[in-house]
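Structure below is final31.cif: mmCIF, N, CA and C atoms and all ligand atoms.
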data_coords
loop_
_atom_site.label_atom_id
_atom_site.label_comp_id
_atom_site.auth_asym_id
_atom_site.auth_seq_id
_atom_site.Cartn_x
_atom_site.Cartn_y
_atom_site.Cartn_z
N MET K 1 -1.88 45.75 17.74
CA MET K 1 -1.24 44.49 18.14
C MET K 1 -0.49 43.88 16.94
N SER K 2 0.80 43.57 17.08
CA SER K 2 1.54 42.98 15.96
C SER K 2 1.08 41.55 15.73
N ASN K 3 1.43 41.01 14.56
CA ASN K 3 1.09 39.62 14.27
C ASN K 3 1.61 38.70 15.35
N TRP K 4 2.85 38.95 15.80
CA TRP K 4 3.44 38.05 16.80
C TRP K 4 2.75 38.22 18.14
N ASP K 5 2.34 39.42 18.48
CA ASP K 5 1.59 39.62 19.74
C ASP K 5 0.28 38.84 19.71
N GLU K 6 -0.39 38.87 18.57
CA GLU K 6 -1.68 38.17 18.44
C GLU K 6 -1.48 36.66 18.56
N LEU K 7 -0.46 36.14 17.88
CA LEU K 7 -0.22 34.69 17.95
C LEU K 7 0.26 34.28 19.34
N THR K 8 1.08 35.11 19.97
CA THR K 8 1.56 34.79 21.32
C THR K 8 0.38 34.77 22.30
N ALA K 9 -0.54 35.68 22.15
CA ALA K 9 -1.72 35.70 23.03
C ALA K 9 -2.57 34.45 22.82
N ALA K 10 -2.73 34.04 21.56
CA ALA K 10 -3.52 32.83 21.27
C ALA K 10 -2.81 31.59 21.81
N ALA K 11 -1.48 31.56 21.67
CA ALA K 11 -0.71 30.41 22.19
C ALA K 11 -0.78 30.37 23.71
N THR K 12 -0.75 31.53 24.34
CA THR K 12 -0.80 31.58 25.81
C THR K 12 -2.16 31.11 26.32
N ALA K 13 -3.22 31.49 25.61
CA ALA K 13 -4.56 31.03 26.00
C ALA K 13 -4.65 29.51 25.87
N ALA K 14 -4.06 28.95 24.83
CA ALA K 14 -4.05 27.49 24.65
C ALA K 14 -3.21 26.84 25.74
N MET K 15 -2.06 27.44 26.04
CA MET K 15 -1.17 26.91 27.09
C MET K 15 -1.92 26.76 28.41
N GLU K 16 -2.82 27.70 28.70
CA GLU K 16 -3.56 27.65 29.97
C GLU K 16 -4.54 26.48 30.03
N ARG K 17 -4.78 25.83 28.89
CA ARG K 17 -5.67 24.66 28.85
C ARG K 17 -4.90 23.34 28.80
N ALA K 18 -3.57 23.40 28.88
CA ALA K 18 -2.75 22.19 28.75
C ALA K 18 -3.07 21.19 29.87
N TYR K 19 -2.89 19.91 29.54
CA TYR K 19 -3.08 18.82 30.53
C TYR K 19 -1.69 18.25 30.81
N VAL K 20 -1.09 18.69 31.91
CA VAL K 20 0.31 18.36 32.17
C VAL K 20 0.54 17.91 33.62
N PRO K 21 -0.20 16.88 34.07
CA PRO K 21 -0.05 16.47 35.47
C PRO K 21 1.32 15.88 35.77
N TYR K 22 2.07 15.44 34.76
CA TYR K 22 3.34 14.75 34.99
C TYR K 22 4.53 15.70 34.92
N SER K 23 4.67 16.40 33.82
CA SER K 23 5.82 17.31 33.70
C SER K 23 5.56 18.66 34.36
N LYS K 24 4.29 19.02 34.50
CA LYS K 24 3.92 20.37 34.97
C LYS K 24 4.57 21.44 34.07
N TYR K 25 4.70 21.10 32.80
CA TYR K 25 5.33 22.01 31.83
C TYR K 25 4.32 22.27 30.70
N PRO K 26 3.44 23.24 30.90
CA PRO K 26 2.43 23.50 29.87
C PRO K 26 3.03 24.21 28.66
N VAL K 27 2.52 23.84 27.49
CA VAL K 27 2.95 24.47 26.23
C VAL K 27 1.69 24.82 25.44
N GLY K 28 1.70 25.96 24.82
CA GLY K 28 0.62 26.35 23.90
C GLY K 28 1.22 26.73 22.57
N ALA K 29 0.52 26.41 21.49
CA ALA K 29 1.00 26.73 20.15
C ALA K 29 -0.13 27.41 19.38
N ALA K 30 0.24 28.34 18.51
CA ALA K 30 -0.74 29.02 17.67
C ALA K 30 -0.11 29.30 16.31
N ALA K 31 -0.93 29.22 15.28
CA ALA K 31 -0.42 29.50 13.93
C ALA K 31 -1.49 30.21 13.12
N ARG K 32 -1.01 31.05 12.20
CA ARG K 32 -1.91 31.68 11.25
C ARG K 32 -1.90 30.86 9.96
N VAL K 33 -3.09 30.65 9.42
CA VAL K 33 -3.26 29.88 8.20
C VAL K 33 -3.33 30.87 7.02
N ASP K 34 -3.07 30.39 5.81
CA ASP K 34 -3.03 31.31 4.67
C ASP K 34 -4.37 31.96 4.34
N ASP K 35 -5.46 31.50 4.93
CA ASP K 35 -6.75 32.19 4.75
C ASP K 35 -7.03 33.16 5.90
N GLY K 36 -6.07 33.32 6.82
CA GLY K 36 -6.19 34.30 7.89
C GLY K 36 -6.64 33.74 9.22
N ARG K 37 -7.18 32.53 9.23
CA ARG K 37 -7.66 32.04 10.52
C ARG K 37 -6.48 31.61 11.39
N ILE K 38 -6.75 31.49 12.70
CA ILE K 38 -5.73 31.08 13.66
C ILE K 38 -6.12 29.74 14.24
N VAL K 39 -5.17 28.81 14.27
CA VAL K 39 -5.40 27.49 14.89
C VAL K 39 -4.44 27.36 16.07
N THR K 40 -4.88 26.62 17.08
CA THR K 40 -4.08 26.50 18.31
C THR K 40 -4.04 25.06 18.80
N GLY K 41 -3.15 24.80 19.73
CA GLY K 41 -3.08 23.49 20.38
C GLY K 41 -2.36 23.61 21.71
N CYS K 42 -2.58 22.63 22.58
CA CYS K 42 -1.87 22.57 23.86
C CYS K 42 -1.37 21.14 24.06
N ASN K 43 -0.36 20.97 24.91
CA ASN K 43 0.12 19.61 25.14
C ASN K 43 -0.83 18.84 26.05
N VAL K 44 -0.91 17.54 25.77
CA VAL K 44 -1.82 16.64 26.49
C VAL K 44 -1.00 15.41 26.88
N GLU K 45 -0.69 15.31 28.18
CA GLU K 45 0.17 14.21 28.64
C GLU K 45 -0.65 12.96 28.94
N ASN K 46 0.07 11.88 29.26
CA ASN K 46 -0.57 10.58 29.48
C ASN K 46 0.21 9.82 30.54
N ALA K 47 -0.50 8.99 31.32
CA ALA K 47 0.17 8.17 32.33
C ALA K 47 1.25 7.28 31.70
N ALA K 48 1.02 6.87 30.45
CA ALA K 48 2.09 6.22 29.68
C ALA K 48 2.86 7.36 29.01
N TYR K 49 3.91 7.83 29.65
CA TYR K 49 4.52 9.12 29.30
C TYR K 49 4.79 9.31 27.81
N GLY K 50 5.24 8.23 27.16
CA GLY K 50 5.62 8.35 25.75
C GLY K 50 4.47 8.63 24.82
N VAL K 51 3.26 8.49 25.31
CA VAL K 51 2.07 8.72 24.49
C VAL K 51 1.71 10.21 24.44
N THR K 52 2.39 11.02 25.23
CA THR K 52 2.12 12.46 25.31
C THR K 52 2.03 13.11 23.93
N LEU K 53 1.04 13.99 23.79
CA LEU K 53 0.88 14.77 22.57
C LEU K 53 1.43 16.16 22.80
N CYS K 54 2.37 16.57 21.96
CA CYS K 54 2.88 17.94 22.05
C CYS K 54 1.79 18.92 21.61
N ALA K 55 1.96 20.16 22.01
CA ALA K 55 1.00 21.21 21.62
C ALA K 55 0.86 21.31 20.10
N GLU K 56 1.96 21.09 19.40
CA GLU K 56 1.93 21.21 17.94
C GLU K 56 1.07 20.12 17.31
N CYS K 57 1.01 18.94 17.96
CA CYS K 57 0.16 17.86 17.43
C CYS K 57 -1.29 18.31 17.44
N GLY K 58 -1.71 18.92 18.56
CA GLY K 58 -3.07 19.42 18.65
C GLY K 58 -3.34 20.50 17.63
N LEU K 59 -2.34 21.35 17.41
CA LEU K 59 -2.50 22.44 16.43
C LEU K 59 -2.70 21.87 15.03
N ILE K 60 -1.91 20.88 14.66
CA ILE K 60 -2.03 20.31 13.31
C ILE K 60 -3.39 19.61 13.16
N SER K 61 -3.83 18.95 14.22
CA SER K 61 -5.16 18.32 14.18
C SER K 61 -6.24 19.38 14.00
N ALA K 62 -6.11 20.49 14.73
CA ALA K 62 -7.08 21.59 14.60
C ALA K 62 -7.05 22.18 13.18
N LEU K 63 -5.85 22.28 12.60
CA LEU K 63 -5.72 22.80 11.23
C LEU K 63 -6.53 21.94 10.25
N ILE K 64 -6.28 20.64 10.30
CA ILE K 64 -6.92 19.75 9.34
C ILE K 64 -8.43 19.67 9.58
N ASN K 65 -8.79 19.63 10.86
CA ASN K 65 -10.21 19.47 11.19
C ASN K 65 -11.01 20.76 11.04
N SER K 66 -10.33 21.88 10.76
CA SER K 66 -11.06 23.13 10.52
C SER K 66 -10.95 23.56 9.06
N GLY K 67 -10.51 22.64 8.20
CA GLY K 67 -10.53 22.96 6.76
C GLY K 67 -9.19 22.92 6.07
N GLY K 68 -8.10 22.71 6.83
CA GLY K 68 -6.77 22.61 6.22
C GLY K 68 -6.22 23.96 5.81
N GLY K 69 -5.30 23.96 4.84
CA GLY K 69 -4.62 25.18 4.41
C GLY K 69 -3.16 25.11 4.79
N ARG K 70 -2.44 26.18 4.40
CA ARG K 70 -1.00 26.24 4.67
C ARG K 70 -0.73 27.16 5.85
N LEU K 71 0.17 26.71 6.74
CA LEU K 71 0.58 27.55 7.86
C LEU K 71 1.55 28.61 7.36
N VAL K 72 1.35 29.87 7.79
CA VAL K 72 2.26 30.93 7.36
C VAL K 72 3.06 31.54 8.53
N GLU K 73 2.51 31.50 9.73
CA GLU K 73 3.22 32.02 10.91
C GLU K 73 2.91 31.11 12.09
N PHE K 74 3.92 30.88 12.93
CA PHE K 74 3.76 29.94 14.05
C PHE K 74 4.48 30.46 15.28
N ALA K 75 3.84 30.30 16.43
CA ALA K 75 4.50 30.63 17.71
C ALA K 75 4.09 29.60 18.74
N CYS K 76 5.00 29.23 19.64
CA CYS K 76 4.58 28.44 20.80
C CYS K 76 5.24 29.02 22.04
N VAL K 77 4.58 28.79 23.17
CA VAL K 77 5.03 29.41 24.42
C VAL K 77 5.09 28.39 25.54
N ASP K 78 5.93 28.70 26.52
CA ASP K 78 6.02 27.87 27.73
C ASP K 78 5.05 28.41 28.79
N GLY K 79 5.18 27.90 30.00
CA GLY K 79 4.25 28.27 31.06
C GLY K 79 4.34 29.72 31.50
N HIS K 80 5.39 30.41 31.09
CA HIS K 80 5.53 31.84 31.40
C HIS K 80 5.03 32.71 30.25
N GLY K 81 4.58 32.05 29.18
CA GLY K 81 4.16 32.83 28.01
C GLY K 81 5.33 33.26 27.15
N SER K 82 6.51 32.69 27.41
CA SER K 82 7.71 33.05 26.62
C SER K 82 7.85 32.12 25.43
N ALA K 83 8.41 32.65 24.35
CA ALA K 83 8.60 31.86 23.13
C ALA K 83 9.45 30.63 23.41
N LEU K 84 9.08 29.53 22.76
CA LEU K 84 9.71 28.22 22.96
C LEU K 84 10.02 27.65 21.59
N MET K 85 11.15 26.95 21.48
CA MET K 85 11.46 26.32 20.20
C MET K 85 10.76 24.96 20.11
N PRO K 86 10.09 24.68 18.99
CA PRO K 86 9.42 23.38 18.85
C PRO K 86 10.43 22.23 18.83
N CYS K 87 10.04 21.10 19.40
CA CYS K 87 10.94 19.93 19.42
C CYS K 87 11.13 19.41 18.00
N GLY K 88 12.08 18.51 17.83
CA GLY K 88 12.43 18.01 16.50
C GLY K 88 11.26 17.35 15.78
N ARG K 89 10.54 16.51 16.48
CA ARG K 89 9.39 15.84 15.86
C ARG K 89 8.36 16.85 15.40
N CYS K 90 8.16 17.88 16.20
CA CYS K 90 7.15 18.88 15.85
C CYS K 90 7.62 19.77 14.70
N ARG K 91 8.92 19.95 14.54
CA ARG K 91 9.41 20.68 13.36
C ARG K 91 9.03 19.91 12.10
N GLN K 92 9.13 18.60 12.15
CA GLN K 92 8.74 17.77 10.99
C GLN K 92 7.24 17.92 10.72
N LEU K 93 6.43 17.92 11.79
CA LEU K 93 4.98 18.11 11.61
C LEU K 93 4.69 19.45 10.95
N LEU K 94 5.37 20.50 11.41
CA LEU K 94 5.14 21.84 10.88
C LEU K 94 5.59 21.94 9.43
N TRP K 95 6.69 21.26 9.11
CA TRP K 95 7.22 21.31 7.74
C TRP K 95 6.17 20.83 6.73
N GLU K 96 5.50 19.78 7.07
CA GLU K 96 4.50 19.18 6.17
C GLU K 96 3.43 20.20 5.77
N HIS K 97 3.06 21.08 6.72
CA HIS K 97 1.91 21.97 6.49
C HIS K 97 2.29 23.44 6.33
N GLY K 98 3.60 23.72 6.39
CA GLY K 98 4.04 25.10 6.21
C GLY K 98 5.22 25.22 5.26
N GLY K 99 6.05 24.20 5.22
CA GLY K 99 7.19 24.20 4.31
C GLY K 99 8.28 25.18 4.73
N ALA K 100 9.23 25.36 3.83
CA ALA K 100 10.45 26.12 4.12
C ALA K 100 10.18 27.55 4.54
N ASN K 101 9.10 28.15 4.02
CA ASN K 101 8.88 29.58 4.25
C ASN K 101 8.03 29.92 5.47
N LEU K 102 7.54 28.89 6.18
CA LEU K 102 6.77 29.16 7.40
C LEU K 102 7.64 29.99 8.35
N ARG K 103 7.10 31.11 8.81
CA ARG K 103 7.83 31.97 9.75
C ARG K 103 7.52 31.55 11.18
N LEU K 104 8.56 31.47 12.01
CA LEU K 104 8.40 31.06 13.40
C LEU K 104 8.95 32.13 14.32
N LEU K 105 8.27 32.26 15.48
CA LEU K 105 8.81 33.13 16.53
C LEU K 105 9.58 32.24 17.50
N MET K 106 10.90 32.40 17.53
CA MET K 106 11.75 31.61 18.42
C MET K 106 12.24 32.52 19.54
N PRO K 107 12.86 31.96 20.59
CA PRO K 107 13.34 32.81 21.69
C PRO K 107 14.27 33.91 21.19
N GLU K 108 15.02 33.65 20.11
CA GLU K 108 15.97 34.64 19.58
C GLU K 108 15.31 35.62 18.63
N GLY K 109 14.05 35.39 18.29
CA GLY K 109 13.36 36.26 17.35
C GLY K 109 12.79 35.46 16.19
N GLU K 110 12.43 36.19 15.11
CA GLU K 110 11.77 35.54 13.98
C GLU K 110 12.76 34.73 13.15
N THR K 111 12.32 33.57 12.69
CA THR K 111 13.14 32.76 11.80
C THR K 111 12.20 31.99 10.85
N THR K 112 12.76 31.08 10.07
CA THR K 112 11.95 30.31 9.12
C THR K 112 12.18 28.82 9.34
N MET K 113 11.27 28.03 8.82
CA MET K 113 11.43 26.57 8.91
C MET K 113 12.72 26.12 8.24
N ALA K 114 13.09 26.76 7.13
CA ALA K 114 14.33 26.36 6.44
C ALA K 114 15.52 26.48 7.38
N GLU K 115 15.46 27.45 8.30
CA GLU K 115 16.56 27.66 9.25
C GLU K 115 16.56 26.60 10.36
N VAL K 116 15.37 26.22 10.83
CA VAL K 116 15.32 25.33 11.99
C VAL K 116 15.19 23.85 11.62
N LEU K 117 14.94 23.58 10.32
CA LEU K 117 14.91 22.18 9.87
C LEU K 117 15.58 22.09 8.49
N PRO K 118 16.90 22.32 8.47
CA PRO K 118 17.61 22.28 7.18
C PRO K 118 17.60 20.86 6.59
N GLN K 119 17.64 20.81 5.27
CA GLN K 119 17.68 19.52 4.55
C GLN K 119 16.53 18.61 4.98
N ALA K 120 15.35 19.21 5.11
CA ALA K 120 14.20 18.46 5.61
C ALA K 120 13.74 17.38 4.63
N PHE K 121 13.19 16.34 5.19
CA PHE K 121 12.47 15.33 4.41
C PHE K 121 11.04 15.82 4.27
N GLY K 122 10.56 15.92 3.03
CA GLY K 122 9.21 16.42 2.84
C GLY K 122 8.44 15.59 1.83
N PRO K 123 7.17 15.96 1.58
CA PRO K 123 6.30 15.17 0.72
C PRO K 123 6.86 14.95 -0.69
N GLU K 124 7.63 15.95 -1.21
CA GLU K 124 8.12 15.83 -2.59
C GLU K 124 9.09 14.68 -2.74
N LYS K 125 9.71 14.28 -1.63
CA LYS K 125 10.67 13.15 -1.70
C LYS K 125 9.97 11.88 -2.14
N LEU K 126 8.69 11.77 -1.79
CA LEU K 126 7.95 10.55 -2.11
C LEU K 126 7.61 10.47 -3.59
N GLU K 127 7.81 11.60 -4.31
CA GLU K 127 7.50 11.64 -5.75
C GLU K 127 8.70 11.24 -6.59
N GLU K 128 9.88 11.17 -5.95
CA GLU K 128 11.12 10.94 -6.75
C GLU K 128 11.20 9.49 -7.22
N1 LIG I 201 6.29 19.88 24.50
C1 LIG I 201 5.45 20.39 23.57
O1 LIG I 201 4.23 20.38 23.73
N2 LIG I 201 6.00 20.89 22.42
C2 LIG I 201 7.34 20.98 22.17
O2 LIG I 201 7.73 21.37 21.07
C3 LIG I 201 8.28 20.66 23.25
C4 LIG I 201 7.73 19.82 24.36
C5 LIG I 201 5.70 19.32 25.74
C6 LIG I 201 5.70 17.81 25.82
C7 LIG I 201 5.61 17.58 27.31
O3 LIG I 201 4.24 17.55 27.69
C8 LIG I 201 6.26 18.82 27.93
O4 LIG I 201 6.39 19.77 26.88
C9 LIG I 201 7.63 18.56 28.53
O5 LIG I 201 8.46 17.93 27.61
#

Using the file provided, produce a representation of the structure as structure tokens.
Amino acid sequence: MSNWDELTAAATAAMERAYVPYSKYPVGAAARVDDGRIVTGCNVENAAYGVTLCAECGLISALINSGGGRLVEFACVDGHGSALMPCGRCRQLLWEHGGANLRLLMPEGETTMAEVLPQAFGPEKLEE
């Protein structure tokens, strides 16, 4: 099983746990951490629609609550198990914990955070 197959399977399993009574659009996300473990998340919607948590929010929470570390590979999937591009807000979340070199599986294939979030605002800006 390739790295991407493993992450896609983990993201698909998370997607099947999504809480999406409003959009009916389940999303699952999975990432490999630099110590080898895999963290996942699913979207969790809310009757106050804007309060919805994207799958990536759950993944980042799982990352921190399981010991932290740097994300090295990331994939998210839609309800068909197909690769999905993370929304803009979630790209910012991923940047914080993976940086420019985080590899992502996008619908077009593998890419990096530097490609999908150019000229990003990151933690180092706060040091200037
Ligand atoms: N969604 C995610 O979970 N992650 C993304 O990167 C894109 C959008 C969710 C939010 C909402 O529950 C549903 O997809 C439809 O927008």

- Kindly work out which residues sit at most 6.5 Å from ligand LIG 201 (chain I), using all atoms listed in the file, and give the list as a ChimeraX atom specification. /K:20,23,25-28,42-45,52-56,85-88,90

Written file, previous selection with N, CA and C atoms, as a PDB file, keeping the file's coordinate frame:
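Below is the file again_0.pdb, written as the result:
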ATOM      1  N   VAL K  20      -1.090  18.690  31.910  1.00  0.00           N
ATOM      2  CA  VAL K  20       0.310  18.360  32.170  1.00  0.00           C
ATOM      3  C   VAL K  20       0.540  17.910  33.620  1.00  0.00           C
ATOM      4  N   SER K  23       4.670  16.400  33.820  1.00  0.00           N
ATOM      5  CA  SER K  23       5.820  17.310  33.700  1.00  0.00           C
ATOM      6  C   SER K  23       5.560  18.660  34.360  1.00  0.00           C
ATOM      7  N   TYR K  25       4.700  21.100  32.800  1.00  0.00           N
ATOM      8  CA  TYR K  25       5.330  22.010  31.830  1.00  0.00           C
ATOM      9  C   TYR K  25       4.320  22.270  30.700  1.00  0.00           C
ATOM     10  N   PRO K  26       3.440  23.240  30.900  1.00  0.00           N
ATOM     11  CA  PRO K  26       2.430  23.500  29.870  1.00  0.00           C
ATOM     12  C   PRO K  26       3.030  24.210  28.660  1.00  0.00           C
ATOM     13  N   VAL K  27       2.520  23.840  27.490  1.00  0.00           N
ATOM     14  CA  VAL K  27       2.950  24.470  26.230  1.00  0.00           C
ATOM     15  C   VAL K  27       1.690  24.820  25.440  1.00  0.00           C
ATOM     16  N   GLY K  28       1.700  25.960  24.820  1.00  0.00           N
ATOM     17  CA  GLY K  28       0.620  26.350  23.900  1.00  0.00           C
ATOM     18  C   GLY K  28       1.220  26.730  22.570  1.00  0.00           C
ATOM     19  N   CYS K  42      -2.580  22.630  22.580  1.00  0.00           N
ATOM     20  CA  CYS K  42      -1.870  22.570  23.860  1.00  0.00           C
ATOM     21  C   CYS K  42      -1.370  21.140  24.060  1.00  0.00           C
ATOM     22  N   ASN K  43      -0.360  20.970  24.910  1.00  0.00           N
ATOM     23  CA  ASN K  43       0.120  19.610  25.140  1.00  0.00           C
ATOM     24  C   ASN K  43      -0.830  18.840  26.050  1.00  0.00           C
ATOM     25  N   VAL K  44      -0.910  17.540  25.770  1.00  0.00           N
ATOM     26  CA  VAL K  44      -1.820  16.640  26.490  1.00  0.00           C
ATOM     27  C   VAL K  44      -1.000  15.410  26.880  1.00  0.00           C
ATOM     28  N   GLU K  45      -0.690  15.310  28.180  1.00  0.00           N
ATOM     29  CA  GLU K  45       0.170  14.210  28.640  1.00  0.00           C
ATOM     30  C   GLU K  45      -0.650  12.960  28.940  1.00  0.00           C
ATOM     31  N   THR K  52       2.390  11.020  25.230  1.00  0.00           N
ATOM     32  CA  THR K  52       2.120  12.460  25.310  1.00  0.00           C
ATOM     33  C   THR K  52       2.030  13.110  23.930  1.00  0.00           C
ATOM     34  N   LEU K  53       1.040  13.990  23.790  1.00  0.00           N
ATOM     35  CA  LEU K  53       0.880  14.770  22.570  1.00  0.00           C
ATOM     36  C   LEU K  53       1.430  16.160  22.800  1.00  0.00           C
ATOM     37  N   CYS K  54       2.370  16.570  21.960  1.00  0.00           N
ATOM     38  CA  CYS K  54       2.880  17.940  22.050  1.00  0.00           C
ATOM     39  C   CYS K  54       1.790  18.920  21.610  1.00  0.00           C
ATOM     40  N   ALA K  55       1.960  20.160  22.010  1.00  0.00           N
ATOM     41  CA  ALA K  55       1.000  21.210  21.620  1.00  0.00           C
ATOM     42  C   ALA K  55       0.860  21.310  20.100  1.00  0.00           C
ATOM     43  N   GLU K  56       1.960  21.090  19.400  1.00  0.00           N
ATOM     44  CA  GLU K  56       1.930  21.210  17.940  1.00  0.00           C
ATOM     45  C   GLU K  56       1.070  20.120  17.310  1.00  0.00           C
ATOM     46  N   MET K  85      11.150  26.950  21.480  1.00  0.00           N
ATOM     47  CA  MET K  85      11.460  26.320  20.200  1.00  0.00           C
ATOM     48  C   MET K  85      10.760  24.960  20.110  1.00  0.00           C
ATOM     49  N   PRO K  86      10.090  24.680  18.990  1.00  0.00           N
ATOM     50  CA  PRO K  86       9.420  23.380  18.850  1.00  0.00           C
ATOM     51  C   PRO K  86      10.430  22.230  18.830  1.00  0.00           C
ATOM     52  N   CYS K  87      10.040  21.100  19.400  1.00  0.00           N
ATOM     53  CA  CYS K  87      10.940  19.930  19.420  1.00  0.00           C
ATOM     54  C   CYS K  87      11.130  19.410  18.000  1.00  0.00           C
ATOM     55  N   GLY K  88      12.080  18.510  17.830  1.00  0.00           N
ATOM     56  CA  GLY K  88      12.430  18.010  16.500  1.00  0.00           C
ATOM     57  C   GLY K  88      11.260  17.350  15.780  1.00  0.00           C
ATOM     58  N   CYS K  90       8.160  17.880  16.200  1.00  0.00           N
ATOM     59  CA  CYS K  90       7.150  18.880  15.850  1.00  0.00           C
ATOM     60  C   CYS K  90       7.620  19.770  14.700  1.00  0.00           C
TER      61      CYS K  90
END

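In this structure, CA of Gly98 (chain K) sits 16.1 Å away from CA of Asn65 (chain K).
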
Determine, counting only N, CA and C atoms, which protein, DNA and RNA residues have an atom within 7 Å of an atom of region 114-121 of chain K; residues of the same chain fewer than 3 positions away are not included. Present the result as a PDB file with N, CA and C atoms, keeping the file's coordinate frame.
ATOM      1  N   ARG K  91       8.920  19.950  14.540  1.00  0.00           N
ATOM      2  CA  ARG K  91       9.410  20.680  13.360  1.00  0.00           C
ATOM      3  C   ARG K  91       9.030  19.910  12.100  1.00  0.00           C
ATOM      4  N   GLY K  99       6.050  24.200   5.220  1.00  0.00           N
ATOM      5  CA  GLY K  99       7.190  24.200   4.310  1.00  0.00           C
ATOM      6  C   GLY K  99       8.280  25.180   4.730  1.00  0.00           C
ATOM      7  N   ALA K 100       9.230  25.360   3.830  1.00  0.00           N
ATOM      8  CA  ALA K 100      10.450  26.120   4.120  1.00  0.00           C
ATOM      9  C   ALA K 100      10.180  27.550   4.540  1.00  0.00           C
ATOM     10  N   ASN K 101       9.100  28.150   4.020  1.00  0.00           N
ATOM     11  CA  ASN K 101       8.880  29.580   4.250  1.00  0.00           C
ATOM     12  C   ASN K 101       8.030  29.920   5.470  1.00  0.00           C
ATOM     13  N   LEU K 102       7.540  28.890   6.180  1.00  0.00           N
ATOM     14  CA  LEU K 102       6.770  29.160   7.400  1.00  0.00           C
ATOM     15  C   LEU K 102       7.640  29.990   8.350  1.00  0.00           C
ATOM     16  N   THR K 111      12.320  33.570  12.690  1.00  0.00           N
ATOM     17  CA  THR K 111      13.140  32.760  11.800  1.00  0.00           C
ATOM     18  C   THR K 111      12.200  31.990  10.850  1.00  0.00           C
ATOM     19  N   GLU K 124       7.630  15.950  -1.210  1.00  0.00           N
ATOM     20  CA  GLU K 124       8.120  15.830  -2.590  1.00  0.00           C
ATOM     21  C   GLU K 124       9.090  14.680  -2.740  1.00  0.00           C
ATOM     22  N   LYS K 125       9.710  14.280  -1.630  1.00  0.00           N
ATOM     23  CA  LYS K 125      10.670  13.150  -1.700  1.00  0.00           C
ATOM     24  C   LYS K 125       9.970  11.880  -2.140  1.00  0.00           C
TER      25      LYS K 125
END

- What residues in chain K get the DSSP label alpha helix (DSSP H)? Please answer as a VMD selection string. chain K and resid 3 to 15 55 to 65 88 to 98 113 to 116

- Extract the full set of strand (DSSP E) residues from region 7-102 of chain K according to DSSP on the backbone, and format it as a PyMOL selection string. chain K and resi 28-33+38-42+71-77

- Would you kindly identify which residues have an atom no farther than 8 Å from (9.2, 30.3, 14.4), using only N, CA and C atoms and the file's own coordinates, and write them out as a count of residues only? 18

- Quick one: pull the distance between atom C of Asn3 (chain K) and CA of Gly122 (chain K), Å, one decimal. 26.7 Å

- Item | Residue neighbourhood Thr40 (chain K), 6 Å, only N, CA and C atoms, exclusion window fewer than 3 positions, as a list in words | Ala29, Ala30, Ala31, Gly58 and Leu59 of chain K

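The interatomic distance for the pair atom N of Asp34 (chain K) and atom C of Asp5 (chain K) works out to 16.6 Å.
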
- Query: Which is closest to Ala14 (chain K) among K:Val39, K:Ala47, K:Leu71, K:Ile64, if we use only C-alpha atoms?
  - Reply: K:Val39
